[in-house]
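Peer 1: Mind having a look at this structure? Questions to follow.
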Amino acid sequence: MGVYTKTGDKGQTSLYSGERVDKDSLRVETYGTIDEMNSALGMARAFCENEEVKGLILMLQKDVSLFMADLASIGKEPYINQTHIEDIEHEIDRIEGIVGPLACFLVPGDTKGGAMLDLARTIARRAERQMLRLAKSGEEVHESDRLYINRLSDYCFMLMRYEEHKD
């Protein structure tokens with residue numbers, strides 16, 4: 001099978017669950033934004049110097065693939081569940097124990113990896129806004145996915161702080 005299928009030449013694409021939708025639909029826009037965030041995470045992983053942060057990003061990217069599948073599906077049970085959310089919450093709390101509470105506003109860019117993690121954070125926030133619009137339009141959005149995207153941006157922020165943390 002080749003990379004191009006020509007099935008999208010008329011402006012439609014297939015969801016993971018098989019339905020055909022317009023490529024500019026809010027659902028496609030939303031999971032496309034998550035894909036963009038995942039690319040930013042990949043760049044962050046390539047630039048990060050903290051090996052633990054790199055490993056955490058890789059594990060996160062694997063879960064983000066499940067998250068995109070949720071958003072690209074209609075009428076299916078979500079892959080992202082409460083355990084995924086609790087795992088991120090645990091990591092946020094653990095990292096905050098290492099870097100300490102935030103004492104001031106941060107200006108991104110102290111390190112390349114940290115800057116890319118902050119970019120991933122802002123992309124996650126955009127995706128969250130898109131998910132809210134998707135849900136308000138009457139489209140199916142799983143509660144676990146709504147919670148996950150909210151935690152995801154917080155996690156990117158904490159990973160950025162961890163990457164830039166000096167002992």
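In the structure tokens, chains take letters A, B, ... by order of appearance, with residues numbered from 1 within each chain and ligands from 1 in the order shown.
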Near Glu29 in chain A, counting only C-alpha atoms, which residues have an atom at most 8 Å away, once you skip same-chain residues fewer than 5 positions from it, shown as a list in words?

Peer 2: Lys23, Asp24 and Gln130 of chain A

Peer 1: To test your reading of the structure, identify every residue in chain A that backbone DSSP assigns to strand (DSSP E), and report it as a list in words.

Peer 2: Gln12, Thr13, Ser14, Arg20, Val21 and Asp22 of chain A

Peer 1: Please produce an output containing C-alpha atoms for each residue in the selection, written as a CSV table (one decimal), in the first residue's frame.

Peer 2:
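result-v6.csv, freshly written:
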chain,number,residue,atom,x,y,z
A,12,GLN,CA,-12.9,14.0,2.8
A,13,THR,CA,-11.1,11.6,5.1
A,14,SER,CA,-11.9,8.5,7.0
A,20,ARG,CA,-16.1,9.7,6.1
A,21,VAL,CA,-16.0,13.3,7.1
A,22,ASP,CA,-14.9,16.6,5.6

Peer 1: Can I get the residues of range 76-132 of chain A within 9 Å of range 30-44 of chain A, each with the closest pair of atoms and their distance in Å to one decimal, using only C-alpha atoms, sorted chain first then ascending number, as JSON lines?

Peer 2:
{"residue": "A:Lys112", "atom": "CA", "partner": "A:Ala44", "partner_atom": "CA", "distance": 7.4}
{"residue": "A:Gly113", "atom": "CA", "partner": "A:Ala44", "partner_atom": "CA", "distance": 4.6}
{"residue": "A:Gly114", "atom": "CA", "partner": "A:Ala44", "partner_atom": "CA", "distance": 7.0}
{"residue": "A:Ala115", "atom": "CA", "partner": "A:Ala44", "partner_atom": "CA", "distance": 7.7}
{"residue": "A:Met116", "atom": "CA", "partner": "A:Ala44", "partner_atom": "CA", "distance": 4.8}
{"residue": "A:Leu117", "atom": "CA", "partner": "A:Ala44", "partner_atom": "CA", "distance": 5.6}
{"residue": "A:Leu119", "atom": "CA", "partner": "A:Ala40", "partner_atom": "CA", "distance": 6.7}
{"residue": "A:Ala120", "atom": "CA", "partner": "A:Met37", "partner_atom": "CA", "distance": 5.0}
{"residue": "A:Arg121", "atom": "CA", "partner": "A:Met37", "partner_atom": "CA", "distance": 7.8}
{"residue": "A:Thr122", "atom": "CA", "partner": "A:Met37", "partner_atom": "CA", "distance": 8.5}
{"residue": "A:Ile123", "atom": "CA", "partner": "A:Met37", "partner_atom": "CA", "distance": 5.5}
{"residue": "A:Ala124", "atom": "CA", "partner": "A:Met37", "partner_atom": "CA", "distance": 6.3}
{"residue": "A:Arg126", "atom": "CA", "partner": "A:Thr33", "partner_atom": "CA", "distance": 7.6}
{"residue": "A:Ala127", "atom": "CA", "partner": "A:Thr33", "partner_atom": "CA", "distance": 5.7}
{"residue": "A:Glu128", "atom": "CA", "partner": "A:Thr30", "partner_atom": "CA", "distance": 8.2}
{"residue": "A:Arg129", "atom": "CA", "partner": "A:Thr30", "partner_atom": "CA", "distance": 8.9}
{"residue": "A:Gln130", "atom": "CA", "partner": "A:Thr30", "partner_atom": "CA", "distance": 5.7}
{"residue": "A:Met131", "atom": "CA", "partner": "A:Thr30", "partner_atom": "CA", "distance": 6.3}

Peer 1: Please provide the set of residues having any atom within 10 Å of Pro78 in chain A, restricted to only C-alpha atoms, with same-chain residues fewer than 5 positions apart removed, written as a ChimeraX atom specification.

Peer 2: /A:66-67,69-71,73,141-145

Peer 1: Using only C-alpha atoms, find the one residue out of A:Leu132, A:Ile98, A:Val28, A:Ile57 that sits nearest to Lys166 in chain A.

Peer 2: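 Comparing A:Leu132, A:Ile98, A:Val28, A:Ile57 against Lys166 in chain A, the winner is A:Ile98.
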
Peer 1: Name the residues in contact with range 157-162 of chain A at a cut-off of 12 Å, using only C-alpha atoms, excluding same-chain residues fewer than 4 positions from it; report them as a PyMOL selection string.

Peer 2: chain A and resi 41+44-45+47-58+60+88-103+105-125+150-153+166-167

Peer 1: Got a sec to tell me which of range 78-112 of chain A DSSP assigns to alpha helix (DSSP H), as a ChimeraX atom specification?

Peer 2: /A:82-99,112

Peer 1: Keeping all heavy atoms for every residue in the selection just given, could you write it to a file as a compact mmCIF listing (two decimals), in the first residue's frame?

Peer 2:
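As written to disk, result.txt reads:
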# COMPACT_ATOMS: atom_id res chain seq x y z
N GLN A 82 -9.47 6.74 33.18
CA GLN A 82 -9.11 7.39 34.44
C GLN A 82 -7.67 7.07 34.85
O GLN A 82 -6.99 7.92 35.42
CB GLN A 82 -10.10 6.99 35.54
CG GLN A 82 -9.94 7.78 36.83
CD GLN A 82 -10.19 9.26 36.66
OE1 GLN A 82 -11.00 9.70 35.86
NE2 GLN A 82 -9.46 10.06 37.43
N THR A 83 -7.20 5.90 34.53
CA THR A 83 -5.82 5.53 34.88
C THR A 83 -4.82 6.43 34.18
O THR A 83 -3.83 6.87 34.79
CB THR A 83 -5.55 4.05 34.53
OG1 THR A 83 -6.47 3.24 35.26
CG2 THR A 83 -4.13 3.64 34.85
N HIS A 84 -5.06 6.75 32.90
CA HIS A 84 -4.17 7.65 32.18
C HIS A 84 -4.13 9.02 32.86
O HIS A 84 -3.06 9.63 33.00
CB HIS A 84 -4.61 7.82 30.72
CG HIS A 84 -4.48 6.58 29.91
ND1 HIS A 84 -5.53 5.72 29.69
CD2 HIS A 84 -3.42 6.05 29.26
CE1 HIS A 84 -5.13 4.73 28.95
NE2 HIS A 84 -3.85 4.89 28.67
N ILE A 85 -5.29 9.49 33.27
CA ILE A 85 -5.39 10.81 33.92
C ILE A 85 -4.65 10.78 35.26
O ILE A 85 -3.87 11.69 35.57
CB ILE A 85 -6.87 11.20 34.09
CG1 ILE A 85 -7.52 11.37 32.71
CG2 ILE A 85 -7.02 12.47 34.93
CD1 ILE A 85 -9.03 11.30 32.72
N GLU A 86 -4.88 9.74 36.04
CA GLU A 86 -4.22 9.62 37.34
C GLU A 86 -2.71 9.48 37.20
O GLU A 86 -1.95 10.02 38.03
CB GLU A 86 -4.80 8.44 38.12
CG GLU A 86 -6.22 8.70 38.58
CD GLU A 86 -6.92 7.45 39.12
OE1 GLU A 86 -6.29 6.36 39.17
OE2 GLU A 86 -8.11 7.57 39.49
N ASP A 87 -2.25 8.80 36.16
CA ASP A 87 -0.81 8.67 35.93
C ASP A 87 -0.18 10.03 35.68
O ASP A 87 0.90 10.34 36.21
CB ASP A 87 -0.52 7.74 34.74
CG ASP A 87 -0.79 6.28 35.04
OD1 ASP A 87 -0.98 5.92 36.23
OD2 ASP A 87 -0.83 5.48 34.07
N ILE A 88 -0.83 10.86 34.87
CA ILE A 88 -0.31 12.20 34.60
C ILE A 88 -0.34 13.04 35.88
O ILE A 88 0.62 13.75 36.18
CB ILE A 88 -1.08 12.88 33.45
CG1 ILE A 88 -0.68 12.26 32.11
CG2 ILE A 88 -0.82 14.39 33.44
CD1 ILE A 88 -1.38 12.85 30.92
N GLU A 89 -1.43 12.97 36.62
CA GLU A 89 -1.52 13.72 37.87
C GLU A 89 -0.40 13.33 38.83
O GLU A 89 0.22 14.18 39.48
CB GLU A 89 -2.88 13.52 38.53
CG GLU A 89 -4.01 14.17 37.78
CD GLU A 89 -5.40 13.83 38.31
OE1 GLU A 89 -5.55 12.84 39.08
OE2 GLU A 89 -6.35 14.55 37.93
N HIS A 90 -0.14 12.02 38.91
CA HIS A 90 0.95 11.53 39.78
C HIS A 90 2.29 12.11 39.33
O HIS A 90 3.09 12.55 40.16
CB HIS A 90 0.98 9.99 39.75
CG HIS A 90 2.18 9.42 40.43
ND1 HIS A 90 2.31 9.36 41.80
CD2 HIS A 90 3.32 8.91 39.92
CE1 HIS A 90 3.48 8.84 42.10
NE2 HIS A 90 4.10 8.54 40.98
N GLU A 91 2.55 12.10 38.02
CA GLU A 91 3.81 12.64 37.51
C GLU A 91 3.93 14.14 37.74
O GLU A 91 5.01 14.64 38.08
CB GLU A 91 3.99 12.30 36.03
CG GLU A 91 4.42 10.88 35.78
CD GLU A 91 5.74 10.55 36.46
OE1 GLU A 91 6.74 11.29 36.30
OE2 GLU A 91 5.78 9.53 37.19
N ILE A 92 2.84 14.86 37.56
CA ILE A 92 2.86 16.31 37.82
C ILE A 92 3.23 16.55 39.28
O ILE A 92 4.10 17.39 39.58
CB ILE A 92 1.49 16.95 37.48
CG1 ILE A 92 1.27 16.97 35.96
CG2 ILE A 92 1.39 18.36 38.06
CD1 ILE A 92 -0.15 17.35 35.54
N ASP A 93 2.59 15.83 40.19
CA ASP A 93 2.88 15.99 41.62
C ASP A 93 4.32 15.61 41.93
O ASP A 93 5.01 16.29 42.71
CB ASP A 93 1.92 15.14 42.45
CG ASP A 93 0.48 15.61 42.38
OD1 ASP A 93 0.23 16.77 41.96
OD2 ASP A 93 -0.42 14.82 42.73
N ARG A 94 4.81 14.52 41.35
CA ARG A 94 6.18 14.06 41.59
C ARG A 94 7.19 15.10 41.12
O ARG A 94 8.14 15.44 41.83
CB ARG A 94 6.41 12.72 40.90
CG ARG A 94 7.76 12.08 41.21
CD ARG A 94 7.96 10.79 40.44
NE ARG A 94 8.16 11.01 39.02
CZ ARG A 94 9.32 11.39 38.48
NH1 ARG A 94 10.38 11.58 39.24
NH2 ARG A 94 9.43 11.56 37.17
N ILE A 95 6.97 15.62 39.91
CA ILE A 95 7.90 16.61 39.35
C ILE A 95 7.86 17.90 40.17
O ILE A 95 8.90 18.51 40.44
CB ILE A 95 7.60 16.87 37.86
CG1 ILE A 95 7.92 15.61 37.04
CG2 ILE A 95 8.38 18.07 37.35
CD1 ILE A 95 7.42 15.65 35.61
N GLU A 96 6.67 18.31 40.61
CA GLU A 96 6.59 19.52 41.44
C GLU A 96 7.37 19.33 42.74
O GLU A 96 7.97 20.27 43.25
CB GLU A 96 5.15 19.90 41.73
CG GLU A 96 5.06 21.26 42.40
CD GLU A 96 3.65 21.81 42.47
OE1 GLU A 96 2.71 21.02 42.63
OE2 GLU A 96 3.52 23.04 42.38
N GLY A 97 7.40 18.10 43.26
CA GLY A 97 8.21 17.81 44.44
C GLY A 97 9.70 17.99 44.18
O GLY A 97 10.46 18.29 45.10
N ILE A 98 10.11 17.82 42.95
CA ILE A 98 11.52 17.99 42.57
C ILE A 98 11.85 19.45 42.31
O ILE A 98 12.84 19.98 42.81
CB ILE A 98 11.86 17.13 41.33
CG1 ILE A 98 11.71 15.64 41.66
CG2 ILE A 98 13.26 17.45 40.80
CD1 ILE A 98 11.74 14.73 40.44
N VAL A 99 11.00 20.12 41.51
CA VAL A 99 11.32 21.49 41.08
C VAL A 99 10.78 22.55 42.05
O VAL A 99 11.16 23.71 41.97
CB VAL A 99 10.82 21.78 39.65
CG1 VAL A 99 11.45 20.80 38.66
CG2 VAL A 99 9.30 21.76 39.55
N LYS A 112 16.40 24.66 24.64
CA LYS A 112 15.65 24.28 23.44
C LYS A 112 14.54 23.28 23.77
O LYS A 112 13.42 23.41 23.31
CB LYS A 112 16.58 23.67 22.39
CG LYS A 112 17.54 24.65 21.78
CD LYS A 112 18.47 23.94 20.81
CE LYS A 112 19.51 24.89 20.27
NZ LYS A 112 20.47 24.19 19.39

Peer 1: Distance CA of Leu26 in chain A-CA of Arg146 in chain A, one decimal place?

Peer 2: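 Separating CA of Leu26 in chain A from CA of Arg146 in chain A is a distance of 15.1 Å.
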
Peer 1: I need the residue nearest Ser65 in chain A from this list: A:Gly18, A:Arg133, A:Tyr79, A:Cys104. Use only C-alpha atoms for the distance.

Peer 2: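 Nearest candidate to Ser65 in chain A out of A:Gly18, A:Arg133, A:Tyr79, A:Cys104: A:Tyr79.
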
Peer 1: Quick one: distance from CA of Lys136 in chain A to CA of Gly11 in chain A in Å, one decimal?

Peer 2: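 The value is 24.0 Å.
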
Peer 1: Please, what distance in Å, to one decimal, runs between CA of Met59 in chain A and CA of Cys156 in chain A?

Peer 2: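 Computing it gives 12.6 Å between the two atoms.
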